[in-house]
file coords25.pdb (PDB, C-alpha atoms)
ATOM      1  CA  MET T   1       0.000   0.000   0.000
ATOM      2  CA  VAL T   2       1.258   3.467  -0.870
ATOM      3  CA  ARG T   3       0.997   5.858   2.043
ATOM      4  CA  ILE T   4       0.552   9.564   1.374
ATOM      5  CA  SER T   5       1.792  11.954   4.024
ATOM      6  CA  ALA T   6      -0.540  14.590   5.437
ATOM      7  CA  ALA T   7       1.588  17.315   3.854
ATOM      8  CA  SER T   8       1.401  15.636   0.448
ATOM      9  CA  ALA T   9      -2.349  15.203   0.743
ATOM     10  CA  LYS T  10      -2.720  18.853   1.665
ATOM     11  CA  SER T  11      -0.602  19.880  -1.334
ATOM     12  CA  ALA T  12      -2.709  17.695  -3.589
ATOM     13  CA  ARG T  13      -5.915  19.264  -2.318
ATOM     14  CA  ARG T  14      -4.488  22.733  -2.936
ATOM     15  CA  PHE T  15      -3.513  21.705  -6.464
ATOM     16  CA  VAL T  16      -6.997  20.375  -7.225
ATOM     17  CA  HIS T  17      -8.588  23.467  -5.679
ATOM     18  CA  GLY T  18      -6.330  25.649  -7.820
ATOM     19  CA  LEU T  19      -7.359  23.787 -10.957
ATOM     20  CA  ALA T  20     -11.005  24.284 -10.019
ATOM     21  CA  LEU T  21     -10.505  28.036  -9.597
ATOM     22  CA  ILE T  22      -8.703  28.250 -12.942
ATOM     23  CA  ALA T  23     -11.525  26.323 -14.601
ATOM     24  CA  ALA T  24     -14.189  28.533 -12.996
ATOM     25  CA  THR T  25     -12.356  31.665 -14.081
ATOM     26  CA  ALA T  26     -12.047  30.319 -17.606
ATOM     27  CA  VAL T  27     -15.770  29.561 -17.723
ATOM     28  CA  THR T  28     -16.630  33.058 -16.462
ATOM     29  CA  ALA T  29     -14.283  34.656 -18.969
ATOM     30  CA  ALA T  30     -15.756  32.573 -21.769
ATOM     31  CA  THR T  31     -19.404  33.141 -20.896
ATOM     32  CA  ALA T  32     -19.244  36.902 -20.148
ATOM     33  CA  PRO T  33     -18.432  37.901 -23.762
ATOM     34  CA  VAL T  34     -21.009  35.414 -25.055
ATOM     35  CA  HIS T  35     -23.612  37.015 -22.777
ATOM     36  CA  ALA T  36     -22.643  40.464 -23.996
ATOM     37  CA  GLN T  37     -22.627  39.351 -27.633
ATOM     38  CA  SER T  38     -26.150  37.935 -27.337
ATOM     39  CA  TRP T  39     -27.483  41.215 -25.918
ATOM     40  CA  PRO T  40     -30.064  42.507 -26.792
ATOM     41  CA  THR T  41     -31.658  39.604 -28.691
ATOM     42  CA  LYS T  42     -33.311  37.979 -25.662
ATOM     43  CA  GLN T  43     -36.124  40.455 -24.913
ATOM     44  CA  PRO T  44     -37.237  44.110 -25.228
ATOM     45  CA  ILE T  45     -35.209  46.787 -23.463
ATOM     46  CA  LYS T  46     -37.023  48.826 -20.839
ATOM     47  CA  LEU T  47     -36.164  52.499 -20.285
ATOM     48  CA  VAL T  48     -37.612  53.439 -16.916
ATOM     49  CA  ALA T  49     -38.469  57.154 -16.834
ATOM     50  CA  VAL T  50     -38.330  57.985 -13.134
ATOM     51  CA  PHE T  51     -40.939  60.764 -13.388
ATOM     52  CA  PRO T  52     -44.547  60.724 -14.653
ATOM     53  CA  PRO T  53     -45.513  61.263 -18.318
ATOM     54  CA  GLY T  54     -45.284  64.756 -19.742
ATOM     55  CA  GLY T  55     -42.155  66.027 -18.005
ATOM     56  CA  SER T  56     -38.624  66.351 -19.345
ATOM     57  CA  VAL T  57     -37.468  62.904 -18.130
ATOM     58  CA  ASP T  58     -40.357  61.259 -19.955
ATOM     59  CA  GLN T  59     -39.608  63.294 -23.079
ATOM     60  CA  VAL T  60     -35.905  62.416 -23.025
ATOM     61  CA  ALA T  61     -36.664  58.709 -22.596
ATOM     62  CA  ARG T  62     -39.137  58.686 -25.490
ATOM     63  CA  ILE T  63     -36.842  60.663 -27.780
ATOM     64  CA  LEU T  64     -33.985  58.212 -27.080
ATOM     65  CA  ALA T  65     -36.154  55.103 -27.437
ATOM     66  CA  GLN T  66     -36.813  55.671 -31.142
ATOM     67  CA  PRO T  67     -33.228  55.678 -32.473
ATOM     68  CA  LEU T  68     -32.093  53.017 -29.986
ATOM     69  CA  GLN T  69     -34.810  50.671 -31.208
ATOM     70  CA  ALA T  70     -33.750  51.192 -34.827
ATOM     71  CA  GLN T  71     -30.038  50.800 -34.070
ATOM     72  CA  LEU T  72     -30.348  47.720 -31.856
ATOM     73  CA  GLY T  73     -33.059  45.945 -33.827
ATOM     74  CA  GLN T  74     -34.906  45.366 -30.564
ATOM     75  CA  THR T  75     -38.077  46.870 -29.088
ATOM     76  CA  VAL T  76     -37.369  49.664 -26.587
ATOM     77  CA  ILE T  77     -40.202  50.335 -24.154
ATOM     78  CA  VAL T  78     -40.533  53.459 -21.994
ATOM     79  CA  GLU T  79     -42.093  52.726 -18.621
ATOM     80  CA  ASN T  80     -42.899  55.573 -16.215
ATOM     81  CA  LYS T  81     -42.252  54.893 -12.537
ATOM     82  CA  GLY T  82     -42.613  58.255 -10.842
ATOM     83  CA  GLY T  83     -42.709  59.225  -7.198
ATOM     84  CA  ALA T  84     -40.439  60.431  -4.395
ATOM     85  CA  SER T  85     -38.404  62.741  -6.658
ATOM     86  CA  GLY T  86     -37.461  59.902  -8.972
ATOM     87  CA  SER T  87     -36.219  57.558  -6.245
ATOM     88  CA  ILE T  88     -38.983  54.967  -6.742
ATOM     89  CA  GLY T  89     -38.007  54.404 -10.369
ATOM     90  CA  ALA T  90     -34.293  54.448  -9.530
ATOM     91  CA  ALA T  91     -34.850  51.825  -6.804
ATOM     92  CA  PHE T  92     -36.741  49.640  -9.275
ATOM     93  CA  VAL T  93     -33.797  49.689 -11.682
ATOM     94  CA  ALA T  94     -31.198  49.213  -8.928
ATOM     95  CA  GLN T  95     -33.007  46.004  -7.946
ATOM     96  CA  ALA T  96     -33.645  44.782 -11.512
ATOM     97  CA  PRO T  97     -31.674  41.923 -13.123
ATOM     98  CA  ALA T  98     -28.259  43.214 -14.183
ATOM     99  CA  ASP T  99     -28.606  41.959 -17.749
ATOM    100  CA  GLY T 100     -28.838  45.176 -19.758
ATOM    101  CA  TYR T 101     -32.577  44.951 -20.360
ATOM    102  CA  THR T 102     -33.591  47.531 -17.726
ATOM    103  CA  CYS T 103     -32.132  51.052 -17.558
ATOM    104  CA  ALA T 104     -33.201  54.254 -15.833
ATOM    105  CA  VAL T 105     -33.487  57.725 -17.289
ATOM    106  CA  VAL T 106     -32.886  60.080 -14.351
ATOM    107  CA  PHE T 107     -32.981  63.810 -13.674
ATOM    108  CA  ASP T 108     -30.883  66.100 -11.466
ATOM    109  CA  SER T 109     -32.996  65.145  -8.416
ATOM    110  CA  HIS T 110     -31.128  61.820  -8.499
ATOM    111  CA  ALA T 111     -28.091  63.583  -7.009
ATOM    112  CA  VAL T 112     -30.121  65.312  -4.296
ATOM    113  CA  ASN T 113     -32.122  62.302  -3.097
ATOM    114  CA  PRO T 114     -29.358  60.541  -1.113
ATOM    115  CA  ALA T 115     -29.110  63.503   1.280
ATOM    116  CA  LEU T 116     -32.782  64.451   1.151
ATOM    117  CA  ILE T 117     -34.249  60.946   1.594
ATOM    118  CA  PRO T 118     -32.146  59.068   4.179
ATOM    119  CA  SER T 119     -34.305  55.945   3.892
ATOM    120  CA  LEU T 120     -33.520  55.252   0.214
ATOM    121  CA  PRO T 121     -33.679  51.472  -0.342
ATOM    122  CA  PHE T 122     -30.491  51.534  -2.425
ATOM    123  CA  ASP T 123     -27.030  53.085  -2.430
ATOM    124  CA  THR T 124     -26.985  55.699  -5.184
ATOM    125  CA  LYS T 125     -23.258  55.381  -5.876
ATOM    126  CA  LYS T 126     -22.881  51.614  -5.415
ATOM    127  CA  ASP T 127     -26.111  50.080  -6.734
ATOM    128  CA  LEU T 128     -26.373  51.871 -10.071
ATOM    129  CA  ALA T 129     -23.866  52.086 -12.917
ATOM    130  CA  ALA T 130     -23.589  55.208 -15.048
ATOM    131  CA  VAL T 131     -24.184  54.468 -18.733
ATOM    132  CA  SER T 132     -24.322  57.921 -20.310
ATOM    133  CA  LEU T 133     -24.714  61.583 -19.406
ATOM    134  CA  ILE T 134     -27.266  62.802 -21.938
ATOM    135  CA  GLY T 135     -26.812  66.498 -21.290
ATOM    136  CA  THR T 136     -27.332  69.523 -19.112
ATOM    137  CA  ALA T 137     -29.610  72.554 -19.234
ATOM    138  CA  ALA T 138     -29.701  75.929 -17.624
ATOM    139  CA  MET T 139     -32.016  76.634 -14.739
ATOM    140  CA  THR T 140     -33.798  79.887 -15.503
ATOM    141  CA  ILE T 141     -34.718  82.569 -12.973
ATOM    142  CA  ALA T 142     -37.770  84.422 -14.280
ATOM    143  CA  THR T 143     -40.341  86.981 -13.200
ATOM    144  CA  PRO T 144     -43.880  87.833 -14.401
ATOM    145  CA  ALA T 145     -43.947  90.092 -17.454
ATOM    146  CA  THR T 146     -45.743  92.727 -15.372
ATOM    147  CA  SER T 147     -43.074  92.634 -12.639
ATOM    148  CA  GLU T 148     -41.072  95.672 -11.569
ATOM    149  CA  TYR T 149     -37.881  93.605 -11.900
ATOM    150  CA  LYS T 150     -36.228  94.246 -15.239
ATOM    151  CA  SER T 151     -32.936  92.573 -14.328
ATOM    152  CA  PHE T 152     -31.490  90.303 -11.659
ATOM    153  CA  ALA T 153     -29.722  93.362 -10.224
ATOM    154  CA  ASP T 154     -33.161  94.869  -9.520
ATOM    155  CA  VAL T 155     -34.029  91.810  -7.416
ATOM    156  CA  ALA T 156     -30.769  92.042  -5.451
ATOM    157  CA  THR T 157     -31.316  95.770  -4.843
ATOM    158  CA  ALA T 158     -34.832  95.176  -3.535
ATOM    159  CA  LEU T 159     -33.674  92.428  -1.185
ATOM    160  CA  LYS T 160     -30.797  94.487   0.189
ATOM    161  CA  ALA T 161     -33.219  97.348   0.810
ATOM    162  CA  GLY T 162     -35.233  95.004   3.024
ATOM    163  CA  LYS T 163     -38.089  94.357   0.621
ATOM    164  CA  PRO T 164     -39.591  90.857   0.929
ATOM    165  CA  VAL T 165     -39.140  88.771  -2.216
ATOM    166  CA  SER T 166     -40.293  85.193  -2.646
ATOM    167  CA  TYR T 167     -39.413  82.619  -5.293
ATOM    168  CA  GLY T 168     -41.254  79.550  -6.492
ATOM    169  CA  THR T 169     -39.789  76.126  -7.282
ATOM    170  CA  ILE T 170     -41.200  72.745  -8.276
ATOM    171  CA  GLY T 171     -40.872  71.604  -4.653
ATOM    172  CA  ASN T 172     -38.829  71.359  -1.460
ATOM    173  CA  GLY T 173     -35.456  69.785  -2.139
ATOM    174  CA  SER T 174     -35.640  70.356  -5.896
ATOM    175  CA  LEU T 175     -32.499  71.552  -7.639
ATOM    176  CA  GLY T 176     -34.101  74.981  -8.002
ATOM    177  CA  HIS T 177     -34.669  75.160  -4.243
ATOM    178  CA  LEU T 178     -31.090  74.115  -3.494
ATOM    179  CA  ALA T 179     -29.619  76.461  -6.102
ATOM    180  CA  MET T 180     -31.530  79.484  -4.796
ATOM    181  CA  THR T 181     -30.675  78.550  -1.202
ATOM    182  CA  LEU T 182     -26.969  78.381  -2.015
ATOM    183  CA  LEU T 183     -27.043  81.556  -4.114
ATOM    184  CA  GLY T 184     -28.910  83.415  -1.385
ATOM    185  CA  LYS T 185     -26.703  82.247   1.492
ATOM    186  CA  GLN T 186     -23.507  83.033  -0.390
ATOM    187  CA  ASN T 187     -24.618  86.538  -1.366
ATOM    188  CA  GLY T 188     -26.859  87.799   1.442
ATOM    189  CA  LEU T 189     -30.062  87.474  -0.599
ATOM    190  CA  ASN T 190     -32.720  86.681   1.994
ATOM    191  CA  TRP T 191     -35.585  85.607  -0.198
ATOM    192  CA  GLN T 192     -38.407  83.274   0.808
ATOM    193  CA  HIS T 193     -39.091  79.890  -0.738
ATOM    194  CA  VAL T 194     -42.541  78.961  -2.066
ATOM    195  CA  PRO T 195     -42.676  75.253  -3.023
ATOM    196  CA  TYR T 196     -45.176  74.085  -5.653
ATOM    197  CA  LYS T 197     -46.293  70.606  -6.638
ATOM    198  CA  GLY T 198     -44.596  70.690 -10.015
ATOM    199  CA  GLY T 199     -43.766  73.051 -12.864
ATOM    200  CA  GLY T 200     -47.344  73.513 -14.074
ATOM    201  CA  PRO T 201     -48.759  75.102 -10.901
ATOM    202  CA  MET T 202     -45.568  77.129 -10.418
ATOM    203  CA  MET T 203     -45.696  78.664 -13.879
ATOM    204  CA  GLN T 204     -49.438  79.263 -13.597
ATOM    205  CA  ASP T 205     -48.808  81.434 -10.540
ATOM    206  CA  ALA T 206     -45.900  83.178 -12.245
ATOM    207  CA  VAL T 207     -48.002  84.030 -15.279
ATOM    208  CA  GLY T 208     -50.738  85.298 -12.980
ATOM    209  CA  GLY T 209     -48.297  87.511 -11.088
ATOM    210  CA  HIS T 210     -48.838  85.683  -7.789
ATOM    211  CA  VAL T 211     -45.148  84.956  -7.155
ATOM    212  CA  PRO T 212     -42.429  87.483  -8.032
ATOM    213  CA  LEU T 213     -39.711  84.984  -8.981
ATOM    214  CA  VAL T 214     -39.581  81.390 -10.192
ATOM    215  CA  ILE T 215     -36.726  79.062 -11.041
ATOM    216  CA  GLY T 216     -37.065  76.107 -13.370
ATOM    217  CA  SER T 217     -35.369  74.321 -16.243
ATOM    218  CA  VAL T 218     -35.474  75.840 -19.714
ATOM    219  CA  PHE T 219     -37.916  73.032 -20.573
ATOM    220  CA  VAL T 220     -40.385  74.365 -17.979
ATOM    221  CA  VAL T 221     -39.884  78.123 -18.309
ATOM    222  CA  LYS T 222     -39.071  78.828 -21.964
ATOM    223  CA  PRO T 223     -42.592  78.354 -23.416
ATOM    224  CA  HIS T 224     -43.811  81.132 -21.118
ATOM    225  CA  ILE T 225     -40.849  83.334 -22.036
ATOM    226  CA  ASP T 226     -41.611  82.810 -25.717
ATOM    227  CA  SER T 227     -45.261  83.744 -25.163
ATOM    228  CA  GLY T 228     -44.221  86.965 -23.421
ATOM    229  CA  ARG T 229     -45.932  86.077 -20.150
ATOM    230  CA  VAL T 230     -42.736  85.910 -18.080
ATOM    231  CA  ARG T 231     -39.373  87.632 -18.329
ATOM    232  CA  ALA T 232     -36.101  85.704 -17.895
ATOM    233  CA  LEU T 233     -33.585  87.459 -15.619
ATOM    234  CA  ALA T 234     -30.659  85.033 -15.478
ATOM    235  CA  VAL T 235     -29.577  81.432 -16.013
ATOM    236  CA  THR T 236     -27.682  79.343 -13.473
ATOM    237  CA  THR T 237     -25.074  77.836 -15.788
ATOM    238  CA  ALA T 238     -21.569  79.289 -16.172
ATOM    239  CA  LYS T 239     -22.375  80.357 -19.733
ATOM    240  CA  ARG T 240     -25.525  81.530 -21.481
ATOM    241  CA  SER T 241     -27.985  78.949 -22.691
ATOM    242  CA  PRO T 242     -28.103  78.502 -26.478
ATOM    243  CA  GLU T 243     -31.891  78.428 -26.137
ATOM    244  CA  LEU T 244     -31.893  81.813 -24.331
ATOM    245  CA  PRO T 245     -28.976  83.695 -25.911
ATOM    246  CA  ASN T 246     -30.157  87.094 -24.665
ATOM    247  CA  VAL T 247     -30.382  86.040 -21.011
ATOM    248  CA  PRO T 248     -27.212  86.602 -18.943
ATOM    249  CA  ALA T 249     -25.560  83.914 -16.839
ATOM    250  CA  LEU T 250     -25.275  84.728 -13.139
ATOM    251  CA  ALA T 251     -21.494  84.862 -13.582
ATOM    252  CA  GLU T 252     -21.955  87.798 -15.956
ATOM    253  CA  VAL T 253     -23.885  89.843 -13.413
ATOM    254  CA  GLY T 254     -21.476  89.539 -10.524
ATOM    255  CA  TYR T 255     -22.000  86.084  -9.055
ATOM    256  CA  GLY T 256     -18.685  84.382  -9.849
ATOM    257  CA  GLN T 257     -18.753  80.956 -11.428
ATOM    258  CA  PHE T 258     -22.034  79.932  -9.821
ATOM    259  CA  GLU T 259     -23.318  76.896 -11.656
ATOM    260  CA  ALA T 260     -26.359  74.718 -11.017
ATOM    261  CA  PRO T 261     -27.402  72.890 -14.184
ATOM    262  CA  ALA T 262     -30.321  70.570 -14.642
ATOM    263  CA  TRP T 263     -29.156  67.265 -16.158
ATOM    264  CA  TRP T 264     -30.329  63.930 -17.525
ATOM    265  CA  ALA T 265     -28.535  60.564 -17.555
ATOM    266  CA  VAL T 266     -29.043  56.874 -18.266
ATOM    267  CA  LEU T 267     -28.154  54.339 -15.548
ATOM    268  CA  ALA T 268     -28.137  50.541 -15.260
ATOM    269  CA  PRO T 269     -28.022  48.090 -12.334
ATOM    270  CA  ALA T 270     -24.513  48.116 -10.837
ATOM    271  CA  LYS T 271     -23.560  44.532 -11.787
ATOM    272  CA  THR T 272     -24.484  44.875 -15.455
ATOM    273  CA  PRO T 273     -21.593  43.390 -17.486
ATOM    274  CA  PRO T 274     -19.212  46.176 -18.536
ATOM    275  CA  GLU T 275     -19.392  44.952 -22.135
ATOM    276  CA  ILE T 276     -23.131  45.642 -22.179
ATOM    277  CA  VAL T 277     -22.711  49.032 -20.475
ATOM    278  CA  ALA T 278     -20.108  49.933 -23.106
ATOM    279  CA  ARG T 279     -22.387  48.792 -25.945
ATOM    280  CA  MET T 280     -25.369  50.723 -24.596
ATOM    281  CA  ASN T 281     -23.164  53.782 -24.147
ATOM    282  CA  ALA T 282     -21.968  53.498 -27.755
ATOM    283  CA  GLU T 283     -25.534  53.199 -29.043
ATOM    284  CA  ILE T 284     -26.660  56.235 -27.020
ATOM    285  CA  SER T 285     -23.685  58.220 -28.338
ATOM    286  CA  LYS T 286     -24.673  57.251 -31.864
ATOM    287  CA  ALA T 287     -28.271  58.316 -31.175
ATOM    288  CA  LEU T 288     -27.112  61.703 -29.847
ATOM    289  CA  GLN T 289     -25.198  62.255 -33.080
ATOM    290  CA  ASN T 290     -28.341  61.618 -35.105
ATOM    291  CA  PRO T 291     -29.408  65.095 -36.332
ATOM    292  CA  ASP T 292     -33.115  64.401 -35.795
ATOM    293  CA  THR T 293     -32.598  63.104 -32.255
ATOM    294  CA  ALA T 294     -30.196  65.923 -31.391
ATOM    295  CA  LYS T 295     -32.680  68.518 -32.663
ATOM    296  CA  LYS T 296     -35.490  67.069 -30.539
ATOM    297  CA  LEU T 297     -33.368  67.006 -27.374
ATOM    298  CA  GLU T 298     -31.974  70.476 -27.975
ATOM    299  CA  ALA T 299     -35.551  71.718 -28.395
ATOM    300  CA  GLN T 300     -36.020  70.688 -24.744
ATOM    301  CA  GLY T 301     -33.228  73.141 -23.859
ATOM    302  CA  ILE T 302     -30.654  70.371 -23.403
ATOM    303  CA  ASN T 303     -26.975  70.894 -24.160
ATOM    304  CA  LEU T 304     -25.914  67.426 -25.341
ATOM    305  CA  ILE T 305     -22.840  65.895 -23.702
ATOM    306  CA  GLY T 306     -22.670  62.113 -24.120
ATOM    307  CA  GLY T 307     -19.184  60.697 -23.584
ATOM    308  CA  ALA T 308     -17.959  57.537 -21.851
ATOM    309  CA  PRO T 309     -19.640  55.903 -18.834
ATOM    310  CA  GLU T 310     -16.781  57.212 -16.689
ATOM    311  CA  THR T 311     -17.624  60.783 -17.722
ATOM    312  CA  ALA T 312     -21.170  60.253 -16.488
ATOM    313  CA  ARG T 313     -20.039  58.578 -13.249
ATOM    314  CA  VAL T 314     -17.638  61.386 -12.319
ATOM    315  CA  PHE T 315     -20.224  64.075 -13.110
ATOM    316  CA  ILE T 316     -23.030  62.397 -11.151
ATOM    317  CA  GLU T 317     -20.899  61.665  -8.087
ATOM    318  CA  LYS T 318     -19.702  65.282  -8.051
ATOM    319  CA  GLN T 319     -23.322  66.470  -8.162
ATOM    320  CA  ILE T 320     -24.199  64.109  -5.285
ATOM    321  CA  ASP T 321     -21.372  65.563  -3.197
ATOM    322  CA  ILE T 322     -22.152  69.224  -4.011
ATOM    323  CA  TRP T 323     -25.876  69.134  -3.327
ATOM    324  CA  GLY T 324     -25.610  66.706  -0.425
ATOM    325  CA  LYS T 325     -23.486  69.315   1.353
ATOM    326  CA  VAL T 326     -26.061  72.046   0.632
ATOM    327  CA  VAL T 327     -28.870  69.887   2.044
ATOM    328  CA  LYS T 328     -26.841  69.178   5.181
ATOM    329  CA  ASP T 329     -25.430  72.678   5.693
ATOM    330  CA  TYR T 330     -28.782  74.435   5.402
ATOM    331  CA  GLY T 331     -31.089  71.789   6.889
ATOM    332  CA  ILE T 332     -33.226  71.373   3.777
ATOM    333  CA  LYS T 333     -36.074  68.889   4.158
ATOM    334  CA  ALA T 334     -38.244  67.063   1.641
ATOM    335  CA  ASP T 335     -41.954  67.821   1.276
TER     336      ASP T 335
END

call {"tool": "encode", "arguments": {"input": "coords25.pdb", "output": "structure tokens"}}
result
Amino acid sequence: MVRISAASAKSARRFVHGLALIAATAVTAATAPVHAQSWPTKQPIKLVAVFPPGGSVDQVARILAQPLQAQLGQTVIVENKGGASGSIGAAFVAQAPADGYTCAVVFDSHAVNPALIPSLPFDTKKDLAAVSLIGTAAMTIATPATSEYKSFADVATALKAGKPVSYGTIGNGSLGHLAMTLLGKQNGLNWQHVPYKGGGPMMQDAVGGHVPLVIGSVFVVKPHIDSGRVRALAVTTAKRSPELPNVPALAEVGYGQFEAPAWWAVLAPAKTPPEIVARMNAEISKALQNPDTAKKLEAQGINLIGGAPETARVFIEKQIDIWGKVVKDYGIKAD
């Protein structure tokens, strides 16, 4: 009988275990590209718009769905899952199978929610992978056409003279609320916040002259500027908006490099294979270069950006850090 020492047996077990690990790694390496290559032939792709129909997120998702469907040769469905400033839809996608068939189209509120909603059922940075940054848009500060304020300087003068001035936003914790809070605190502008339940009611009151200032994305405000019912005073991006070339940026009227853009992005579940994320990113980039698609998105006031998934990740995480600090520093609460 051949006797095997304990040390030899242990070495043998390690050798077999090592072979098993090598085999498992080889299988994973072989199947991952196959999985990516088969995408998206298995089933329709779902773009989850994290806000209700009719708003900018819904519009962006539907505009993207058309060219993506043609390019991929697969049905692309837009499904609206609104609520809790977009966090319900984002949670749905974070918990979806990481197979490339479910993505989220999110808005700037996505970066505010982690600080504003402590009970989020997902980790914004860890549970979702950035696919593409679609673009940014100016937030527009506007006043009723009948207002005494002809410029943003007029507003600042009134506030510093002790006159009460209020401003409307689409809600507590919205980017507009945070931007005006930060702008006010940094520059001694002690205005009062009036939260509305969305852009429609806010603009209705602005048109009626019931609130002296409002702040909203170009998508929300521009139709009322074009109709002559409100007057734009400034935009919150570092440069003027192409859609509002005659409206100064805050930086031009003495407020440094203040920048608070609205933005839209596409995300996927965090464990989605990187090959699929890269393919989806490439298809979105191609769609953004389509003149018809670009024209439709730019008509929403969006400055198209695109770029690699890493570009989107860095941008989004920076926004999370910036606005999370504002929420914490100034004790901002959700509705």

call {"tool": "closest_residue", "arguments": {"input": "coords25.pdb", "among": "T:Gly135, T:Pro291, T:Gly86, T:Gly254", "to": "Ala111 of chain T", "atoms": "only C-alpha atoms"}}
result
T:Gly86

call {"tool": "closest_residue", "arguments": {"input": "coords25.pdb", "among": "T:Thr124, T:Asn281, T:Asn303, T:Ser166", "to": "Gln95 of chain T", "atoms": "only C-alpha atoms"}}
result
T:Thr124

call {"tool": "atom_distance", "arguments": {"input": "coords25.pdb", "atom1": "atom CA of Gly173 of chain T", "atom2": "atom CA of Ala334 of chain T"}}
result
5.4 Å

call {"tool": "residues_around", "arguments": {"input": "coords25.pdb", "residues": "Ala287 of chain T", "least_positions_apart": "4", "cutoff": "7 Å", "atoms": "only C-alpha atoms", "output": "list of chain:residue names"}}
result
T:Pro67, T:Leu68, T:Glu283, T:Thr293

call {"tool": "resolve_selection", "arguments": {"input": "coords25.pdb", "expression": "the PyMOL selection byres ((chain T and resi 331) around 12)", "output": "number ranges by chain"}}
result
T: 115-116, 172-173, 178, 181-182, 323-330, 332-334

call {"tool": "write_last_selection", "arguments": {"input": "coords25.pdb", "atoms": "C-alpha atoms", "output": "PDB file, in the frame of the given file"}}
result
ATOM      1  CA  ALA T 115     -29.110  63.503   1.280  1.00  0.00           C
ATOM      2  CA  LEU T 116     -32.782  64.451   1.151  1.00  0.00           C
ATOM      3  CA  ASN T 172     -38.829  71.359  -1.460  1.00  0.00           C
ATOM      4  CA  GLY T 173     -35.456  69.785  -2.139  1.00  0.00           C
ATOM      5  CA  LEU T 178     -31.090  74.115  -3.494  1.00  0.00           C
ATOM      6  CA  THR T 181     -30.675  78.550  -1.202  1.00  0.00           C
ATOM      7  CA  LEU T 182     -26.969  78.381  -2.015  1.00  0.00           C
ATOM      8  CA  TRP T 323     -25.876  69.134  -3.327  1.00  0.00           C
ATOM      9  CA  GLY T 324     -25.610  66.706  -0.425  1.00  0.00           C
ATOM     10  CA  LYS T 325     -23.486  69.315   1.353  1.00  0.00           C
ATOM     11  CA  VAL T 326     -26.061  72.046   0.632  1.00  0.00           C
ATOM     12  CA  VAL T 327     -28.870  69.887   2.044  1.00  0.00           C
ATOM     13  CA  LYS T 328     -26.841  69.178   5.181  1.00  0.00           C
ATOM     14  CA  ASP T 329     -25.430  72.678   5.693  1.00  0.00           C
ATOM     15  CA  TYR T 330     -28.782  74.435   5.402  1.00  0.00           C
ATOM     16  CA  ILE T 332     -33.226  71.373   3.777  1.00  0.00           C
ATOM     17  CA  LYS T 333     -36.074  68.889   4.158  1.00  0.00           C
ATOM     18  CA  ALA T 334     -38.244  67.063   1.641  1.00  0.00           C
TER      19      ALA T 334
END

call {"tool": "residues_near_point", "arguments": {"input": "coords25.pdb", "point": "(-32.5, 57.1, -9.3)", "cutoff": "12 Å", "atoms": "only C-alpha atoms", "output": "JSON list (two decimals) with C-alpha atoms, in the frame of the given file"}}
result
[["chain", "number", "residue", "atom", "x", "y", "z"],
["T", 48, "VAL", "CA", -37.61, 53.44, -16.92],
["T", 49, "ALA", "CA", -38.47, 57.15, -16.83],
["T", 50, "VAL", "CA", -38.33, 57.98, -13.13],
["T", 51, "PHE", "CA", -40.94, 60.76, -13.39],
["T", 57, "VAL", "CA", -37.47, 62.90, -18.13],
["T", 81, "LYS", "CA", -42.25, 54.89, -12.54],
["T", 82, "GLY", "CA", -42.61, 58.26, -10.84],
["T", 83, "GLY", "CA", -42.71, 59.22, -7.20],
["T", 84, "ALA", "CA", -40.44, 60.43, -4.39],
["T", 85, "SER", "CA", -38.40, 62.74, -6.66],
["T", 86, "GLY", "CA", -37.46, 59.90, -8.97],
["T", 87, "SER", "CA", -36.22, 57.56, -6.24],
["T", 88, "ILE", "CA", -38.98, 54.97, -6.74],
["T", 89, "GLY", "CA", -38.01, 54.40, -10.37],
["T", 90, "ALA", "CA", -34.29, 54.45, -9.53],
["T", 91, "ALA", "CA", -34.85, 51.82, -6.80],
["T", 92, "PHE", "CA", -36.74, 49.64, -9.28],
["T", 93, "VAL", "CA", -33.80, 49.69, -11.68],
["T", 94, "ALA", "CA", -31.20, 49.21, -8.93],
["T", 95, "GLN", "CA", -33.01, 46.00, -7.95],
["T", 103, "CYS", "CA", -32.13, 51.05, -17.56],
["T", 104, "ALA", "CA", -33.20, 54.25, -15.83],
["T", 105, "VAL", "CA", -33.49, 57.72, -17.29],
["T", 106, "VAL", "CA", -32.89, 60.08, -14.35],
["T", 107, "PHE", "CA", -32.98, 63.81, -13.67],
["T", 108, "ASP", "CA", -30.88, 66.10, -11.47],
["T", 109, "SER", "CA", -33.00, 65.14, -8.42],
["T", 110, "HIS", "CA", -31.13, 61.82, -8.50],
["T", 111, "ALA", "CA", -28.09, 63.58, -7.01],
["T", 112, "VAL", "CA", -30.12, 65.31, -4.30],
["T", 113, "ASN", "CA", -32.12, 62.30, -3.10],
["T", 114, "PRO", "CA", -29.36, 60.54, -1.11],
["T", 117, "ILE", "CA", -34.25, 60.95, 1.59],
["T", 120, "LEU", "CA", -33.52, 55.25, 0.21],
["T", 121, "PRO", "CA", -33.68, 51.47, -0.34],
["T", 122, "PHE", "CA", -30.49, 51.53, -2.42],
["T", 123, "ASP", "CA", -27.03, 53.08, -2.43],
["T", 124, "THR", "CA", -26.98, 55.70, -5.18],
["T", 125, "LYS", "CA", -23.26, 55.38, -5.88],
["T", 126, "LYS", "CA", -22.88, 51.61, -5.42],
["T", 127, "ASP", "CA", -26.11, 50.08, -6.73],
["T", 128, "LEU", "CA", -26.37, 51.87, -10.07],
["T", 129, "ALA", "CA", -23.87, 52.09, -12.92],
["T", 130, "ALA", "CA", -23.59, 55.21, -15.05],
["T", 264, "TRP", "CA", -30.33, 63.93, -17.52],
["T", 265, "ALA", "CA", -28.54, 60.56, -17.56],
["T", 266, "VAL", "CA", -29.04, 56.87, -18.27],
["T", 267, "LEU", "CA", -28.15, 54.34, -15.55],
["T", 268, "ALA", "CA", -28.14, 50.54, -15.26],
["T", 269, "PRO", "CA", -28.02, 48.09, -12.33],
["T", 316, "ILE", "CA", -23.03, 62.40, -11.15],
["T", 320, "ILE", "CA", -24.20, 64.11, -5.28]]
